$ cat work-v9.txt   # compact mmCIF, C-alpha atoms
# COMPACT_ATOMS: atom_id res chain seq x y z
CA MET A 198 -26.72 -15.44 8.85
CA THR A 199 -27.84 -11.98 9.99
CA GLY A 200 -28.25 -9.05 7.64
CA SER A 201 -25.11 -7.44 9.07
CA ALA A 202 -23.07 -10.60 8.54
CA ARG A 203 -24.38 -10.91 4.99
CA GLY A 204 -23.36 -7.29 4.38
CA VAL A 205 -19.85 -7.97 5.61
CA ALA A 206 -19.58 -11.14 3.52
CA PHE A 207 -20.82 -9.39 0.38
CA GLY A 208 -18.53 -6.41 0.95
CA ALA A 209 -15.55 -8.66 1.56
CA LEU A 210 -16.26 -10.63 -1.60
CA VAL A 211 -16.62 -7.71 -4.00
CA VAL A 212 -13.72 -5.73 -2.52
CA ALA A 213 -11.56 -8.86 -2.61
CA MET A 214 -12.41 -9.21 -6.29
CA GLY A 215 -11.54 -5.58 -7.05
CA LEU A 216 -8.31 -5.74 -5.08
CA ALA A 217 -7.46 -9.11 -6.64
CA ILE A 218 -7.70 -7.55 -10.08
CA ALA A 219 -5.57 -4.58 -9.03
CA GLN A 220 -2.98 -6.70 -7.25
CA THR A 221 -2.77 -9.28 -10.03
CA LEU A 222 -2.13 -6.47 -12.49
CA GLY A 223 0.47 -5.02 -10.13
CA TYR A 224 2.25 -8.35 -9.85
CA ALA A 225 2.10 -8.72 -13.63
CA LEU A 226 3.79 -5.32 -13.91
CA ASN A 227 6.59 -6.55 -11.63
CA VAL A 228 6.93 -9.83 -13.50
CA VAL A 229 7.15 -8.10 -16.89
CA GLY A 230 9.63 -5.62 -15.48
CA ALA A 231 11.79 -8.39 -14.03
CA ARG A 232 11.85 -10.23 -17.35
CA TYR A 233 12.23 -7.33 -19.80
CA LEU A 234 14.27 -4.74 -17.89
CA GLY A 235 16.96 -7.08 -16.55
CA PRO A 236 18.18 -7.29 -12.92
CA ASP A 237 19.77 -3.81 -12.88
CA GLY A 238 16.91 -2.09 -14.73
CA PHE A 239 14.28 -3.86 -12.66
CA GLY A 240 16.08 -2.93 -9.44
CA ALA A 241 15.78 0.73 -10.48
CA PHE A 242 12.15 0.27 -11.55
CA ALA A 243 11.27 -1.46 -8.26
CA SER A 244 12.82 1.39 -6.29
CA LEU A 245 10.66 3.92 -8.19
CA LEU A 246 7.57 1.79 -7.59
CA SER A 247 8.45 1.84 -3.89
CA LEU A 248 8.67 5.63 -4.05
CA LEU A 249 5.15 5.64 -5.51
CA VAL A 250 3.92 3.53 -2.62
CA ILE A 251 5.63 5.74 -0.05
CA GLY A 252 4.34 8.86 -1.83
CA SER A 253 0.80 7.48 -1.83
CA VAL A 254 0.53 7.84 1.94
CA VAL A 255 -1.04 11.29 1.60
CA GLY A 256 -3.86 9.72 -0.37
CA GLY A 257 -3.98 6.89 2.16
CA GLY A 258 -4.35 9.33 5.04
CA ILE A 259 -7.12 11.16 3.21
CA GLN A 260 -8.82 7.83 2.49
CA ALA A 261 -8.78 6.81 6.16
CA VAL A 262 -10.05 10.13 7.51
CA GLY A 263 -12.50 10.68 4.66
CA ALA A 264 -14.03 7.23 5.07
CA ARG A 265 -14.31 7.68 8.84
CA ARG A 266 -15.93 11.12 8.47
CA LEU A 267 -18.45 9.88 5.91
CA VAL A 268 -19.47 6.76 7.82
CA LEU A 269 -20.18 8.90 10.89
CA SER A 270 -22.09 11.64 9.00
CA SER A 271 -25.71 11.74 7.92
CA ILE A 272 -26.65 10.43 4.50
CA THR A 273 -27.83 13.90 3.38
CA GLN A 274 -24.39 15.43 4.02
CA ARG A 275 -22.26 12.83 2.29
CA ARG A 276 -22.48 14.10 -1.29
CA GLY A 277 -21.34 17.61 -0.35
CA GLN A 278 -18.62 16.28 1.95
CA ALA A 279 -17.38 14.11 -0.91
CA ALA A 280 -16.88 17.23 -3.03
CA THR A 281 -14.81 18.80 -0.24
CA ILE A 282 -12.66 15.68 0.09
CA LEU A 283 -11.96 15.68 -3.64
CA ARG A 284 -11.02 19.38 -3.67
CA ILE A 285 -8.63 19.03 -0.74
CA THR A 286 -7.07 15.96 -2.32
CA PHE A 287 -6.42 17.65 -5.67
CA TRP A 288 -4.47 20.42 -3.95
CA SER A 289 -2.62 17.87 -1.82
CA ALA A 290 -1.68 15.92 -4.96
CA LEU A 291 -0.08 19.00 -6.50
CA VAL A 292 1.92 19.60 -3.31
CA VAL A 293 3.14 15.99 -3.28
CA CYS A 294 4.17 16.19 -6.94
CA GLY A 295 5.99 19.49 -6.43
CA ALA A 296 7.83 18.26 -3.33
CA THR A 297 8.98 15.13 -5.14
CA LEU A 298 10.19 17.16 -8.11
CA ALA A 299 12.14 19.41 -5.73
CA ILE A 300 14.13 16.49 -4.33
CA SER A 301 14.31 14.52 -7.59
CA PRO A 302 18.05 15.20 -8.16
CA LEU A 303 18.77 13.73 -4.72
CA LEU A 304 16.57 10.71 -5.45
CA GLN A 305 18.28 10.19 -8.80
CA TRP A 306 21.69 10.14 -7.11
CA LEU A 307 20.63 8.00 -4.15
CA LEU A 308 18.91 5.33 -6.25
CA HIS A 309 21.56 5.33 -9.01
CA ILE A 310 18.99 6.18 -11.71
CA ASN A 311 20.39 7.02 -15.13
CA GLY A 312 18.73 10.32 -16.06
CA TRP A 313 16.38 12.69 -14.28
CA LEU A 314 13.24 12.02 -16.31
CA PRO A 315 12.23 8.66 -14.75
CA VAL A 316 12.19 10.29 -11.32
CA ALA A 317 10.25 13.29 -12.67
CA LEU A 318 7.65 10.92 -14.17
CA THR A 319 7.36 9.25 -10.78
CA ALA A 320 6.54 12.66 -9.28
CA LEU A 321 3.88 13.26 -11.95
CA ALA A 322 2.36 9.82 -11.37
CA LEU A 323 1.88 10.74 -7.71
CA ILE A 324 -0.96 13.09 -8.73
CA PRO A 325 -3.39 10.34 -9.80
CA VAL A 326 -2.06 8.06 -7.04
CA THR A 327 -2.94 10.68 -4.42
CA VAL A 328 -6.35 11.54 -5.86
CA ALA A 329 -7.20 7.84 -5.84
CA GLY A 330 -7.19 8.11 -2.04
CA ALA A 331 -10.18 10.46 -2.16
CA GLN A 332 -11.96 8.21 -4.64
CA TYR A 333 -11.52 5.25 -2.32
CA ALA A 334 -12.59 7.30 0.72
CA ILE A 335 -15.87 8.40 -0.83
CA THR A 336 -16.96 4.87 -1.73
CA GLN A 337 -15.55 3.22 1.40
CA GLY A 338 -17.19 5.72 3.74
CA ARG A 339 -20.54 5.14 2.07
CA GLU A 340 -19.90 1.37 2.39
CA ASP A 341 -20.58 1.25 -1.34
CA PHE A 342 -18.30 -1.72 -1.82
CA ALA A 343 -19.25 -2.46 -5.43
CA ARG A 344 -18.20 1.02 -6.55
CA LEU A 345 -15.10 0.81 -4.32
CA ALA A 346 -14.08 -2.46 -5.96
CA THR A 347 -14.50 -0.80 -9.35
CA MET A 348 -12.22 2.04 -8.29
CA TYR A 349 -9.51 -0.35 -7.07
CA ALA A 350 -9.62 -2.29 -10.32
CA LEU A 351 -9.53 0.89 -12.45
CA VAL A 352 -6.53 2.37 -10.66
CA GLY A 353 -4.65 -0.92 -10.84
CA LEU A 354 -5.46 -1.28 -14.53
CA GLY A 355 -4.17 2.15 -15.48
CA LYS A 356 -0.85 1.82 -13.67
CA ALA A 357 -0.15 -1.77 -14.67
CA ALA A 358 -1.35 -1.70 -18.27
CA GLY A 359 0.58 1.47 -19.01
CA GLY A 360 3.76 0.25 -17.31
CA ILE A 361 3.60 -3.15 -18.99
CA ALA A 362 3.04 -1.58 -22.40
CA GLY A 363 6.01 0.73 -21.89
CA ALA A 364 8.28 -2.12 -20.76
CA LEU A 365 7.26 -4.37 -23.64
CA ILE A 366 7.50 -1.70 -26.35
CA TRP A 367 10.73 0.04 -25.30
CA GLY A 368 12.29 -2.40 -22.84
CA THR A 369 13.72 0.48 -20.80
CA LEU A 370 13.11 2.05 -17.41
CA LEU A 371 12.08 5.33 -19.04
CA GLY A 372 9.59 3.61 -21.33
CA ALA A 373 8.01 1.75 -18.44
CA MET A 374 7.64 4.96 -16.41
CA TRP A 375 6.11 6.86 -19.35
CA GLY A 376 3.52 4.13 -19.79
CA LEU A 377 2.75 3.91 -16.06
CA THR A 378 2.26 7.66 -15.73
CA LEU A 379 0.02 8.07 -18.78
CA GLY A 380 -2.05 5.03 -17.82
CA SER A 381 -2.55 6.36 -14.28
CA ILE A 382 -3.70 9.76 -15.49
CA THR A 383 -6.16 8.15 -17.92
CA THR A 384 -7.84 6.05 -15.23
CA LEU A 385 -7.94 9.04 -12.88
CA LEU A 386 -10.23 10.79 -15.36
CA ILE A 387 -12.38 7.67 -15.77
CA GLY A 388 -12.66 7.37 -11.99
CA LEU A 389 -14.02 10.88 -11.68
CA VAL A 390 -16.81 9.93 -14.07
CA VAL A 391 -17.60 6.82 -12.00
CA LEU A 392 -17.88 8.98 -8.86
CA ARG A 393 -20.07 11.70 -10.39
CA PRO A 394 -23.38 10.24 -9.10
CA VAL A 395 -22.22 10.42 -5.45
CA VAL A 396 -20.51 13.85 -5.50
CA THR A 397 -22.56 17.04 -5.63
CA ARG A 398 -22.22 20.76 -5.02
CA PRO A 399 -22.27 22.80 -2.87
CA ALA A 400 -19.44 21.35 -0.84
CA GLN A 401 -20.07 20.65 2.84
CA ALA A 402 -17.56 21.98 5.37
CA LEU A 403 -15.28 19.44 7.07
CA PRO A 404 -13.67 21.23 10.03
CA GLY A 405 -10.34 19.74 11.10
CA PHE A 406 -10.15 17.42 8.09
CA ILE A 407 -6.69 18.53 7.00
CA GLN A 408 -5.20 18.18 10.48
CA GLU A 409 -6.71 14.72 10.95
CA SER A 410 -5.47 13.69 7.50
CA LEU A 411 -1.95 14.80 8.38
CA HIS A 412 -1.96 12.60 11.47
CA ALA A 413 -3.32 9.61 9.52
CA THR A 414 -0.79 10.27 6.76
CA HIS A 415 1.97 10.23 9.35
CA ALA A 416 0.82 6.85 10.65
CA LEU A 417 0.40 5.24 7.24
CA GLY A 418 3.58 6.92 6.02
CA ALA A 419 5.55 5.24 8.78
CA LEU A 420 4.04 1.89 7.77
CA PHE A 421 4.76 2.36 4.07
CA VAL A 422 8.31 3.46 4.81
CA LEU A 423 8.74 0.30 6.86
CA THR A 424 7.33 -1.96 4.15
CA ASN A 425 9.23 -0.39 1.25
CA VAL A 426 12.49 0.94 2.61
CA ASP A 427 14.16 -2.47 2.35
CA ILE A 428 14.01 -2.26 -1.46
CA ILE A 429 15.66 1.15 -1.35
CA LEU A 430 18.22 -0.17 1.15
CA ALA A 431 18.92 -3.04 -1.25
CA ARG A 432 19.61 -0.51 -4.00
CA VAL A 433 22.02 1.36 -1.69
CA LEU A 434 23.73 -1.49 0.18
CA LEU A 435 23.86 -4.34 -2.32
CA SER A 436 25.33 -4.75 -5.78
CA PRO A 437 23.02 -3.98 -8.73
CA ASP A 438 22.44 -7.66 -9.46
CA GLN A 439 21.78 -8.46 -5.80
CA ALA A 440 19.39 -5.51 -5.59
CA GLY A 441 17.51 -6.87 -8.59
CA LEU A 442 17.39 -10.30 -6.92
CA TYR A 443 16.02 -8.73 -3.75
CA ALA A 444 13.45 -6.77 -5.75
CA VAL A 445 12.04 -10.01 -7.15
CA GLY A 446 11.88 -11.53 -3.67
CA SER A 447 10.09 -8.43 -2.46
CA ILE A 448 7.26 -9.20 -4.91
CA VAL A 449 6.38 -12.12 -2.63
CA ALA A 450 6.56 -9.84 0.41
CA LYS A 451 4.15 -7.44 -1.31
CA ILE A 452 1.78 -10.30 -2.13
CA ALA A 453 1.77 -11.40 1.51
CA PHE A 454 1.26 -7.80 2.68
CA TRP A 455 -1.50 -6.80 0.28
CA LEU A 456 -3.32 -10.14 -0.08
CA PRO A 457 -5.46 -9.63 3.07
CA GLN A 458 -5.98 -5.92 2.39
CA PHE A 459 -9.66 -6.43 1.62
CA VAL A 460 -10.21 -7.44 5.24
CA GLY A 461 -9.12 -4.04 6.54
CA VAL A 462 -10.96 -2.18 3.79
CA VAL A 463 -14.30 -3.79 4.67
CA ALA A 464 -13.75 -3.72 8.44
CA PHE A 465 -12.51 -0.11 8.63
CA PRO A 466 -15.91 1.67 8.55
CA ARG A 467 -17.05 -0.67 11.33
CA MET A 468 -13.92 0.08 13.34
CA ALA A 469 -15.02 3.74 13.43
CA ASP A 470 -18.37 3.27 15.21
CA HIS A 471 -20.03 1.04 17.83
CA ARG A 472 -19.06 -2.10 15.89
CA ARG A 473 -15.33 -1.51 16.47
CA ASP A 474 -14.45 -4.29 18.97
CA ARG A 475 -15.81 -7.16 16.90
CA ALA A 476 -14.49 -5.66 13.65
CA THR A 477 -10.97 -5.26 15.07
CA LYS A 478 -10.80 -8.83 16.41
CA PHE A 479 -12.12 -10.19 13.12
CA ALA A 480 -9.57 -8.22 11.08
CA VAL A 481 -6.52 -9.16 13.17
CA VAL A 482 -7.40 -12.87 13.32
CA ALA A 483 -8.32 -13.09 9.63
CA VAL A 484 -5.12 -11.35 8.52
CA GLY A 485 -3.01 -13.55 10.80
CA VAL A 486 -4.55 -16.76 9.45
CA MET A 487 -4.12 -15.66 5.85
CA GLY A 488 -0.50 -14.77 6.54
CA THR A 489 0.25 -18.17 8.03
CA VAL A 490 -1.22 -19.91 5.01
CA THR A 491 0.73 -17.65 2.65
CA VAL A 492 4.06 -18.41 4.33
CA ALA A 493 3.39 -22.15 4.27
CA CYS A 494 2.40 -22.13 0.59
CA THR A 495 5.47 -20.07 -0.30
CA ALA A 496 7.78 -22.52 1.44
CA ILE A 497 6.19 -25.50 -0.33
CA PHE A 498 5.88 -24.04 -3.83
CA SER A 499 8.88 -21.70 -3.96
CA PRO A 500 10.39 -23.19 -7.18
CA LYS A 501 7.13 -22.74 -9.05
CA ILE A 502 6.65 -19.23 -7.67
CA ILE A 503 10.13 -18.17 -8.75
CA GLY A 504 9.50 -19.63 -12.20
CA VAL A 505 6.42 -17.47 -12.56
CA ILE A 506 7.64 -14.15 -11.17
CA GLY A 507 11.26 -14.12 -12.26
CA GLY A 508 12.48 -17.09 -14.21
CA ALA A 509 15.83 -18.84 -14.25
CA ASP A 510 17.84 -15.72 -13.34
CA TYR A 511 16.37 -15.76 -9.82
CA VAL A 512 16.56 -19.42 -8.73
CA ALA A 513 18.98 -18.48 -5.92
CA LEU A 514 15.97 -17.08 -4.06
CA GLY A 515 14.43 -20.54 -3.60
CA PRO A 516 15.60 -21.42 -0.07
CA ILE A 517 14.80 -17.97 1.38
CA LEU A 518 11.63 -17.03 -0.49
CA TRP A 519 9.43 -17.92 2.49
CA LEU A 520 11.26 -15.28 4.54
CA PHE A 521 9.93 -12.58 2.21
CA ALA A 522 6.40 -13.96 2.72
CA ALA A 523 6.93 -14.00 6.49
CA ALA A 524 8.02 -10.36 6.56
CA GLY A 525 5.05 -9.25 4.43
CA SER A 526 2.58 -11.25 6.54
CA MET A 527 3.82 -9.72 9.79
CA TYR A 528 3.59 -6.25 8.29
CA ALA A 529 -0.03 -7.04 7.32
CA VAL A 530 -0.95 -7.85 10.92
CA GLY A 531 0.64 -4.58 12.02
CA GLN A 532 -1.39 -2.74 9.38
CA ALA A 533 -4.65 -4.26 10.64
CA VAL A 534 -3.92 -3.04 14.18
CA LEU A 535 -2.86 0.39 12.91
CA LEU A 536 -6.08 0.83 10.91
CA SER A 537 -8.15 0.02 13.97
CA ARG A 538 -6.40 2.78 15.90
CA ILE A 539 -6.68 5.33 13.07
CA ALA A 540 -10.42 4.63 12.99
CA GLN A 541 -10.55 5.67 16.65
CA GLU A 542 -8.18 8.65 16.26
CA ASP A 543 -5.59 6.99 18.50
CA ARG A 544 -2.26 8.59 17.53
CA ARG A 545 -0.08 6.41 19.75
CA ALA A 546 -0.16 3.28 17.58
CA VAL A 547 2.33 4.77 15.13
CA ILE A 548 5.03 4.40 17.81
CA ALA A 549 5.22 0.67 17.11
CA VAL A 550 5.72 1.30 13.39
CA TRP A 551 8.55 3.78 13.90
CA ILE A 552 10.28 1.44 16.35
CA ALA A 553 10.16 -1.34 13.74
CA ALA A 554 11.35 0.98 10.96
CA GLY A 555 14.22 2.23 13.11
CA LEU A 556 15.19 -1.33 13.95
CA LEU A 557 15.18 -2.31 10.28
CA GLY A 558 17.34 0.63 9.24
CA ALA A 559 19.80 0.21 12.10
CA ILE A 560 20.47 -3.49 11.74
CA ALA A 561 20.45 -3.35 7.94
CA LEU A 562 23.12 -0.64 7.82
CA VAL A 563 25.30 -2.59 10.22
CA TRP A 564 24.68 -6.19 9.15
CA ALA A 565 22.91 -6.56 5.79
CA ARG A 566 25.44 -7.18 3.05
CA SER A 567 23.55 -9.91 1.22
CA VAL A 568 20.01 -10.68 0.09
CA THR A 569 19.56 -13.18 2.93
CA GLY A 570 20.89 -10.73 5.51
CA LEU A 571 18.54 -7.96 4.40
CA VAL A 572 15.41 -10.11 4.35
CA LEU A 573 16.25 -11.38 7.85
CA CYS A 574 16.42 -7.76 8.96
CA ALA A 575 12.96 -7.22 7.45
CA CYS A 576 11.63 -10.27 9.34
CA ALA A 577 13.06 -8.95 12.61
CA ALA A 578 11.33 -5.60 12.02
CA GLY A 579 8.05 -7.34 11.17
CA ALA A 580 8.20 -9.43 14.34
CA ALA A 581 8.85 -6.32 16.44
CA LEU A 582 5.89 -4.56 14.82
CA CYS A 583 3.54 -7.47 15.52
CA VAL A 584 4.56 -7.91 19.15
CA ILE A 585 4.44 -4.22 20.06
CA SER A 586 1.18 -3.56 18.18
CA LEU A 587 -0.64 -6.52 19.69
CA VAL A 588 0.56 -5.69 23.21
CA MET A 589 -0.72 -2.12 22.78
CA LEU A 590 -4.05 -3.40 21.44
CA VAL A 591 -4.52 -5.83 24.34
CA ARG A 592 -3.66 -3.17 26.91
CA GLU A 593 -6.09 -0.70 25.32
CA SER A 594 -8.84 -3.33 25.29
CA SER A 595 -8.20 -4.20 28.95
CA SER A 596 -8.31 -0.54 29.94
CA ALA A 597 -11.62 -0.05 28.11
CA ARG A 598 -13.15 -3.02 29.95
CA ASP A 599 -11.92 -1.74 33.33
CA TYR A 600 -13.43 1.65 32.58
$ encode --input "work-v9.txt" --output "structure tokens"
Amino acid sequence: MTGSARGVAFGALVVAMGLAIAQTLGYALNVVGARYLGPDGFGAFASLLSLLVIGSVVGGGIQAVGARRLVLSSITQRRGQAATILRITFWSALVVCGATLAISPLLQWLLHINGWLPVALTALALIPVTVAGAQYAITQGREDFARLATMYALVGLGKAAGGIAGALIWGTLLGAMWGLTLGSITTLLIGLVVLRPVVTRPAQALPGFIQESLHATHALGALFVLTNVDIILARVLLSPDQAGLYAVGSIVAKIAFWLPQFVGVVAFPRMADHRRDRATKFAVVAVGVMGTVTVACTAIFSPKIIGVIGGADYVALGPILWLFAAAGSMYAVGQAVLLSRIAQEDRRAVIAVWIAAGLLGAIALVWARSVTGLVLCACAAGAALCVISLVMLVRESSSARDY
């Protein structure tokens, strides 16, 4: 095994461990919420968690552009550039929080949330969620995968531990959101201490960083809307109990979507430089294989999975649980392709995501009046995303060879 291959293997292992901790904690948060908040309360909680994911796209865009900028810069410039990335992200986080607060009455009405405070706490939690994007960018761009894994685990711990504590102590949506928000802020402060050795003053200028981040945010925002809007649609289109049932099924979709995330995280810096072709092929194939295995395992072990994540109240999901895994797995392949294009500043790839999102919204509004109907709509959107993304990737690769 070459030194480069060993580096990839080591990076994949440690990042997988960090993400596994974060994702396991996230799934535990969903499981506790499903059991202690009840179907209606958990449906509301799941919709707010989806808002957090959608709202995190600003941090995701900053992560993508920041990591790409750092991996292409000289080692002597990286510490100062890291300081600039953090400063820009703090201001962006305040803007995201303020914008969410401004539309919070509309969100409260649309999602049928009892009281304004849970939505306001969601807006506040978006500050540490957004800043986490800069923390990831700094370590990912340096290909410092051990520190990156630590950051993933810390952020996951703060959100999940706080939310679980709130749900267990108070057993209410408001209690869960208070715990989640306070836990996230606490780990934000710890994360800044972890990053101190690799961030120094004076800050180095990063011309065009904000504009590039906006484009990356747009691309990732489209993807996160696609992968989370079905939960919000469930809250709008289905009965409260059905929405809660769908929210539990969506946990499996999230597992399938995020399980191969470490592949893209490790491959992304390599997608930005001369290693891009091999890194892109590796990422797409690896994510596709992992998705296939996930769908098969979900189909075989669905009763056991439901017993773990929801309990007896959700046994009706058994025959269709694999459909949630299929939707999440197809979204994951689309994400791998999208990351490869962001790394190369190709702004056309987002077209496939918006087509899939439009398809999901259109057919869901017309046809989805049950849990099964809505998850089939999600699968159709995932299939469209995969086909269009892969066709675009193949055409781009063919054009590059011809050139």
$ closest_residue --input "work-v9.txt" --among "A:Val262, A:Cys576, A:Val588, A:Ala362" --to "A:Ala549" --atoms "all atoms listed in the file"
A:Val588
$ residues_around --input "work-v9.txt" --residues "A:Gly388" --least-positions-apart "5" --cutoff "12 Å" --atoms "all atoms listed in the file" --output "list in words"
Leu283, Pro325, Val326, Val328, Ala329, Gly330, Ala331, Gln332, Tyr333, Ile335, Thr336, Arg344, Leu345, Ala346, Thr347, Met348, Tyr349, Ala350, Leu351, Val352, Gly353, Leu354, Gly355, Ser381, Ile382, Thr383, Arg393, Pro394 and Val395 of chain A
$ write_last_selection --input "work-v9.txt" --atoms "C-alpha atoms" --output "compact mmCIF listing (two decimals), in the coordinates of the input"
# COMPACT_ATOMS: atom_id res chain seq x y z
CA LEU A 283 -11.96 15.68 -3.64
CA PRO A 325 -3.39 10.34 -9.80
CA VAL A 326 -2.06 8.06 -7.04
CA VAL A 328 -6.35 11.54 -5.86
CA ALA A 329 -7.20 7.84 -5.84
CA GLY A 330 -7.19 8.11 -2.04
CA ALA A 331 -10.18 10.46 -2.16
CA GLN A 332 -11.96 8.21 -4.64
CA TYR A 333 -11.52 5.25 -2.32
CA ILE A 335 -15.87 8.40 -0.83
CA THR A 336 -16.96 4.87 -1.73
CA ARG A 344 -18.20 1.02 -6.55
CA LEU A 345 -15.10 0.81 -4.32
CA ALA A 346 -14.08 -2.46 -5.96
CA THR A 347 -14.50 -0.80 -9.35
CA MET A 348 -12.22 2.04 -8.29
CA TYR A 349 -9.51 -0.35 -7.07
CA ALA A 350 -9.62 -2.29 -10.32
CA LEU A 351 -9.53 0.89 -12.45
CA VAL A 352 -6.53 2.37 -10.66
CA GLY A 353 -4.65 -0.92 -10.84
CA LEU A 354 -5.46 -1.28 -14.53
CA GLY A 355 -4.17 2.15 -15.48
CA SER A 381 -2.55 6.36 -14.28
CA ILE A 382 -3.70 9.76 -15.49
CA THR A 383 -6.16 8.15 -17.92
CA ARG A 393 -20.07 11.70 -10.39
CA PRO A 394 -23.38 10.24 -9.10
CA VAL A 395 -22.22 10.42 -5.45
$ residues_around --input "work-v9.txt" --residues "A:Leu291" --least-positions-apart "4" --cutoff "8 Å" --atoms "only C-alpha atoms" --output "count of residues only"
3
$ closest_residue --input "work-v9.txt" --among "A:Leu582, A:Ile548, A:Leu318, A:Leu573" --to "A:Leu370" --atoms "all atoms listed in the file"
A:Leu318
$ closest_atom_pairs --input "work-v9.txt" --of "stretch 321-379 of chain A" --to "stretch 452-469 of chain A" --cutoff "8 Å" --atoms "only C-alpha atoms" --output "CSV"
residue,atom,partner,partner_atom,distance
A:Gln337,CA,A:Pro466,CA,7.3
A:Gly338,CA,A:Pro466,CA,6.4
A:Glu340,CA,A:Pro466,CA,7.3
A:Phe342,CA,A:Val463,CA,7.9
$ residues_around --input "work-v9.txt" --residues "A:Met374" --least-positions-apart "4" --cutoff "12 Å" --atoms "all atoms listed in the file" --output "mmCIF file with C-alpha atoms, keeping the file's coordinate frame"
data_model
loop_
_atom_site.group_PDB
_atom_site.id
_atom_site.type_symbol
_atom_site.label_atom_id
_atom_site.label_comp_id
_atom_site.auth_asym_id
_atom_site.auth_seq_id
_atom_site.Cartn_x
_atom_site.Cartn_y
_atom_site.Cartn_z
ATOM 1 C CA LEU A 226 3.790 -5.320 -13.910
ATOM 2 C CA GLY A 230 9.630 -5.620 -15.480
ATOM 3 C CA LEU A 234 14.270 -4.740 -17.890
ATOM 4 C CA GLY A 238 16.910 -2.090 -14.730
ATOM 5 C CA PHE A 239 14.280 -3.860 -12.660
ATOM 6 C CA ALA A 241 15.780 0.730 -10.480
ATOM 7 C CA PHE A 242 12.150 0.270 -11.550
ATOM 8 C CA ALA A 243 11.270 -1.460 -8.260
ATOM 9 C CA SER A 244 12.820 1.390 -6.290
ATOM 10 C CA LEU A 245 10.660 3.920 -8.190
ATOM 11 C CA LEU A 246 7.570 1.790 -7.590
ATOM 12 C CA LEU A 249 5.150 5.640 -5.510
ATOM 13 C CA TRP A 313 16.380 12.690 -14.280
ATOM 14 C CA LEU A 314 13.240 12.020 -16.310
ATOM 15 C CA PRO A 315 12.230 8.660 -14.750
ATOM 16 C CA VAL A 316 12.190 10.290 -11.320
ATOM 17 C CA ALA A 317 10.250 13.290 -12.670
ATOM 18 C CA LEU A 318 7.650 10.920 -14.170
ATOM 19 C CA THR A 319 7.360 9.250 -10.780
ATOM 20 C CA ALA A 320 6.540 12.660 -9.280
ATOM 21 C CA LEU A 321 3.880 13.260 -11.950
ATOM 22 C CA ALA A 322 2.360 9.820 -11.370
ATOM 23 C CA LEU A 323 1.880 10.740 -7.710
ATOM 24 C CA LYS A 356 -0.850 1.820 -13.670
ATOM 25 C CA ALA A 357 -0.150 -1.770 -14.670
ATOM 26 C CA ALA A 358 -1.350 -1.700 -18.270
ATOM 27 C CA GLY A 359 0.580 1.470 -19.010
ATOM 28 C CA GLY A 360 3.760 0.250 -17.310
ATOM 29 C CA ILE A 361 3.600 -3.150 -18.990
ATOM 30 C CA ALA A 362 3.040 -1.580 -22.400
ATOM 31 C CA GLY A 363 6.010 0.730 -21.890
ATOM 32 C CA ALA A 364 8.280 -2.120 -20.760
ATOM 33 C CA LEU A 365 7.260 -4.370 -23.640
ATOM 34 C CA ILE A 366 7.500 -1.700 -26.350
ATOM 35 C CA TRP A 367 10.730 0.040 -25.300
ATOM 36 C CA GLY A 368 12.290 -2.400 -22.840
ATOM 37 C CA THR A 369 13.720 0.480 -20.800
ATOM 38 C CA LEU A 370 13.110 2.050 -17.410
ATOM 39 C CA THR A 378 2.260 7.660 -15.730
ATOM 40 C CA LEU A 379 0.020 8.070 -18.780
ATOM 41 C CA GLY A 380 -2.050 5.030 -17.820
ATOM 42 C CA SER A 381 -2.550 6.360 -14.280
#
$ residues_near_point --input "work-v9.txt" --point "(12.7, -10.3, -3.6)" --cutoff "9 Å" --atoms "all atoms listed in the file" --output "PyMOL selection string"
chain A and resi 428+440-450+514+518+521+568+572
$ closest_residue --input "work-v9.txt" --among "A:Ile251, A:Leu430, A:Val563, A:Ala483" --to "A:Ala533" --atoms "only C-alpha atoms"
A:Ala483
$ closest_residue --input "work-v9.txt" --among "A:Gly418, A:Ile285, A:Ala280, A:Cys494" --to "A:Leu389" --atoms "all atoms listed in the file"
A:Ala280
$ atom_distance --input "work-v9.txt" --atom1 "atom CA of A:Gly515" --atom2 "atom CA of A:Ala431"
18.2 Å
$ closest_residue --input "work-v9.txt" --among "A:Ala513, A:Ala261, A:Leu269, A:Val490" --to "A:Leu536" --atoms "all atoms listed in the file"
A:Ala261
$ atom_distance --input "work-v9.txt" --atom1 "atom CA of A:Ala213" --atom2 "atom CA of A:Phe479"
15.8 Å
$ closest_residue --input "work-v9.txt" --among "A:Asp510, A:Gly488, A:Leu587, A:Asp237" --to "A:Ile310" --atoms "all atoms listed in the file"
A:Asp237
$ atom_distance --input "work-v9.txt" --atom1 "atom CA of A:Cys574" --atom2 "atom CA of A:Ala561"
6.1 Å
$ residues_around --input "work-v9.txt" --residues "stretch 272-279 of chain A" --least-positions-apart "5" --cutoff "8 Å" --atoms "all atoms listed in the file" --output "list in words"
Leu267, Ile335, Arg339, Val395, Val396, Thr397, Arg398, Pro399, Ala400, Gln401, Ala402 and Leu403 of chain A
